[in-house]
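Coordinates from my_file_15.pdb are shown below (PDB, C-alpha atoms).
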ATOM      1  CA  MET U1486       2.099  41.189  16.871
ATOM      2  CA  GLN U1487       4.670  43.482  18.434
ATOM      3  CA  LYS U1488       4.484  45.903  21.343
ATOM      4  CA  PHE U1489       5.859  49.426  21.043
ATOM      5  CA  GLY U1490       6.263  51.897  23.891
ATOM      6  CA  ASP U1491       5.406  49.400  26.642
ATOM      7  CA  LEU U1492       7.144  50.264  29.916
ATOM      8  CA  GLU U1493       8.578  47.992  32.554
ATOM      9  CA  GLN U1494       6.856  48.000  35.937
ATOM     10  CA  LYS U1495       9.692  49.939  37.608
ATOM     11  CA  GLU U1496       9.235  52.762  35.075
ATOM     12  CA  ILE U1497       5.456  52.742  35.632
ATOM     13  CA  ASP U1498       6.079  52.911  39.388
ATOM     14  CA  ARG U1499       8.382  55.907  38.849
ATOM     15  CA  LEU U1500       5.665  57.675  36.824
ATOM     16  CA  LYS U1501       3.088  56.926  39.534
ATOM     17  CA  ALA U1502       5.390  58.302  42.233
ATOM     18  CA  LYS U1503       5.837  61.511  40.264
ATOM     19  CA  HIS U1504       2.335  62.022  38.808
ATOM     20  CA  GLY U1505      -0.043  60.055  41.045
ATOM     21  CA  ILE U1506      -2.612  58.397  38.835
ATOM     22  CA  VAL U1507      -1.269  56.905  35.598
ATOM     23  CA  TYR U1508      -3.367  55.403  32.813
ATOM     24  CA  GLN U1509      -2.184  53.024  30.109
ATOM     25  CA  ILE U1510      -3.797  53.303  26.674
ATOM     26  CA  ILE U1511      -3.122  50.736  23.964
ATOM     27  CA  ALA U1512      -3.879  51.498  20.315
ATOM     28  CA  LYS U1513      -3.511  48.872  17.587
ATOM     29  CA  ASP U1514      -2.219  49.641  14.117
ATOM     30  CA  GLU U1515      -3.394  48.020  10.879
ATOM     31  CA  ASP U1516      -0.939  45.139  11.382
ATOM     32  CA  GLY U1517      -2.244  44.388  14.879
ATOM     33  CA  ASN U1518       0.824  45.817  16.609
ATOM     34  CA  GLU U1519       0.149  47.393  19.984
ATOM     35  CA  HIS U1520       1.292  50.952  20.684
ATOM     36  CA  TYR U1521       1.372  51.987  24.325
ATOM     37  CA  VAL U1522       0.754  55.442  25.734
ATOM     38  CA  TYR U1523       0.919  56.414  29.404
ATOM     39  CA  VAL U1524      -0.987  59.474  30.543
ATOM     40  CA  THR U1525      -2.036  61.175  33.736
ATOM     41  CA  LYS U1526      -5.347  62.830  34.530
ATOM     42  CA  PRO U1527      -5.843  66.351  33.148
ATOM     43  CA  ASP U1528      -6.116  69.057  35.777
ATOM     44  CA  LEU U1529      -8.548  71.960  35.864
ATOM     45  CA  PRO U1530      -6.228  74.555  34.236
ATOM     46  CA  ILE U1531      -5.728  72.221  31.261
ATOM     47  CA  ILE U1532      -9.469  71.643  30.947
ATOM     48  CA  GLN U1533     -10.084  75.412  31.139
ATOM     49  CA  ALA U1534      -7.507  76.136  28.434
ATOM     50  CA  ALA U1535      -9.017  73.478  26.179
ATOM     51  CA  ALA U1536     -12.554  74.737  26.836
ATOM     52  CA  ALA U1537     -11.548  78.180  25.579
ATOM     53  CA  THR U1538     -10.435  76.617  22.273
ATOM     54  CA  ILE U1539     -12.899  73.777  21.784
ATOM     55  CA  SER U1540     -15.702  75.716  20.081
ATOM     56  CA  LYS U1541     -13.315  77.164  17.472
ATOM     57  CA  ASP U1542     -11.092  74.120  16.956
ATOM     58  CA  PRO U1543     -12.083  70.907  18.767
ATOM     59  CA  VAL U1544      -9.163  68.937  17.321
ATOM     60  CA  LYS U1545      -6.672  71.538  18.537
ATOM     61  CA  ALA U1546      -8.250  71.469  22.004
ATOM     62  CA  SER U1547      -8.059  67.665  22.111
ATOM     63  CA  ILE U1548      -4.416  67.672  21.033
ATOM     64  CA  MET U1549      -3.680  70.309  23.689
ATOM     65  CA  ILE U1550      -5.120  68.044  26.378
ATOM     66  CA  TYR U1551      -3.280  65.007  25.009
ATOM     67  CA  LYS U1552       0.076  66.786  24.971
ATOM     68  CA  SER U1553      -0.418  68.021  28.521
ATOM     69  CA  VAL U1554      -1.208  64.590  29.978
ATOM     70  CA  LYS U1555       1.137  62.370  27.929
ATOM     71  CA  LEU U1556       3.915  60.867  30.030
ATOM     72  CA  SER U1557       5.304  58.300  27.572
ATOM     73  CA  ALA U1558       4.224  57.060  24.152
ATOM     74  CA  SER U1559       5.184  54.832  21.264
ATOM     75  CA  GLU U1560       6.859  56.885  18.524
ATOM     76  CA  ALA U1561       4.181  55.748  16.059
ATOM     77  CA  ILE U1562       1.492  57.514  18.097
ATOM     78  CA  GLU U1563       3.142  60.846  17.315
ATOM     79  CA  SER U1564       3.453  60.192  13.581
ATOM     80  CA  ASP U1565       0.268  58.240  12.778
ATOM     81  CA  ALA U1566      -2.845  60.430  12.840
ATOM     82  CA  GLU U1567      -5.243  57.482  13.173
ATOM     83  CA  LEU U1568      -3.403  56.071  16.191
ATOM     84  CA  LYS U1569      -3.148  59.516  17.774
ATOM     85  CA  ILE U1570      -6.888  60.191  17.357
ATOM     86  CA  ALA U1571      -7.694  56.771  18.864
ATOM     87  CA  VAL U1572      -5.597  57.662  21.915
ATOM     88  CA  ILE U1573      -7.009  61.192  22.145
ATOM     89  CA  ASN U1574     -10.530  59.770  22.219
ATOM     90  CA  LYS U1575      -9.585  57.580  25.179
ATOM     91  CA  VAL U1576      -7.906  60.490  26.991
ATOM     92  CA  GLY U1577     -11.252  62.293  26.779
ATOM     93  CA  GLU U1578     -12.821  59.504  28.834
ATOM     94  CA  ILE U1579     -10.441  60.008  31.763
ATOM     95  CA  PHE U1580     -11.816  63.313  33.014
ATOM     96  CA  LYS U1581     -15.203  62.602  34.559
ATOM     97  CA  ILE U1582     -17.742  65.229  35.452
ATOM     98  CA  ARG U1583     -19.020  64.369  38.898
ATOM     99  CA  GLU U1584     -22.523  64.893  40.161
ATOM    100  CA  ALA U1585     -23.207  67.222  43.053
ATOM    101  CA  ASN U1586     -26.345  67.930  45.022
ATOM    102  CA  ILE U1587     -27.597  71.206  46.392
ATOM    103  CA  LYS U1588     -30.042  71.628  49.223
ATOM    104  CA  LYS U1589     -31.623  74.823  50.471
ATOM    105  CA  LEU U1590     -31.448  75.017  54.222
TER
END
Is it possible to express this structure as structure tokens?
Amino acid sequence: MQKFGDLEQKEIDRLKAKHGIVYQIIAKDEDGNEHYVYVTKPDLPIIQAAAATISKDPVKASIMIYKSVKLSASEAIESDAELKIAVINKVGEIFKIREANIKKL
């Protein structure tokens, strides 16, 4: 098993200093090799842009979000559709819809 796209801690620290929250996603290829991707959390404008596209082309909307949050990635992620979709699915889990309460006063 080999690792591709893994960053050293000093590089991760640099990404955190620049982007705040950083997530590491690891996708495995058919040979068991690990491909690393580092992403940040999508912001509201990105989510809004994707929402405008999602009903017509959900894959395009997902790729739009992925491209906007990707900070660093193994080269194979960009060229292998199965690896890219695996990562995109995980990116979708990052943005959480929070609960809110309303109370009439």
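Going from CA of Lys1501 in chain U to CA of Tyr1521 in chain U covers 16.1 Å.
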Return the single residue from U:Leu1568, U:Ala1534, U:Leu1556, U:Met1549 that is closest to Arg1499 in chain U, with distances computed using only C-alpha atoms. U:Leu1556
Any idea what's packed within 9 Å of Ile1511 in chain U, counting all atoms listed in the file, ignoring anything in its chain fewer than 5 positions away? Could you give it as JSON, numbers by chain? {"U": [1519, 1520, 1521, 1522, 1523, 1572]}
Would you mind listing what lies within 12 Å of Glu1567 in chain U as a list in words, with only C-alpha atoms counted and same-chain residues fewer than 3 positions away left out?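 That gives Ala1512, Lys1513, Asp1514, Glu1515, His1520, Ala1561, Ile1562, Glu1563, Ser1564, Ile1570, Ala1571, Val1572, Ile1573 and Asn1574 of chain U.
Within a radius of 12 Å around (-11.9, 56.2, 33.8), the polymer residues are Ile1506, Val1507, Tyr1508, Gln1509, Ile1510, Val1524, Thr1525, Lys1526, Pro1527, Lys1575, Val1576, Gly1577, Glu1578, Ile1579, Phe1580, Lys1581, Ile1582 and Arg1583 of chain U, counting all atoms listed in the file.
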Interatomic distance, CA of Ala1585 in chain U to CA of Ser1540 in chain U (Å, one decimal):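 Answer for the CA of Ala1585 in chain U to CA of Ser1540 in chain U separation: 25.6 Å.
Residue nearest Leu1529 in chain U, chosen from U:Ala1566, U:Met1486, U:Ile1550, U:Ala1558 and counting all atoms listed in the file: U:Ile1550.
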Quick check, in Å to one decimal: how far apart do CA of His1504 in chain U and CA of Ser1557 in chain U lie?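 Straight-line distance from CA of His1504 in chain U to CA of Ser1557 in chain U works out to 12.2 Å.
Minimum atom-to-atom distance to Asn1518 in chain U, evaluated using all atoms listed in the file, belongs to U:Ser1559 out of U:Ala1535, U:Ala1546, U:Ser1559, U:Ile1497.
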Would you mind telling me which residue in U:Lys1545, U:Lys1588, U:Val1554, U:Ala1536 lies nearest to Leu1500 in chain U when using only C-alpha atoms?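 When distances to Leu1500 in chain U are compared using only C-alpha atoms, the smallest one comes from U:Val1554.
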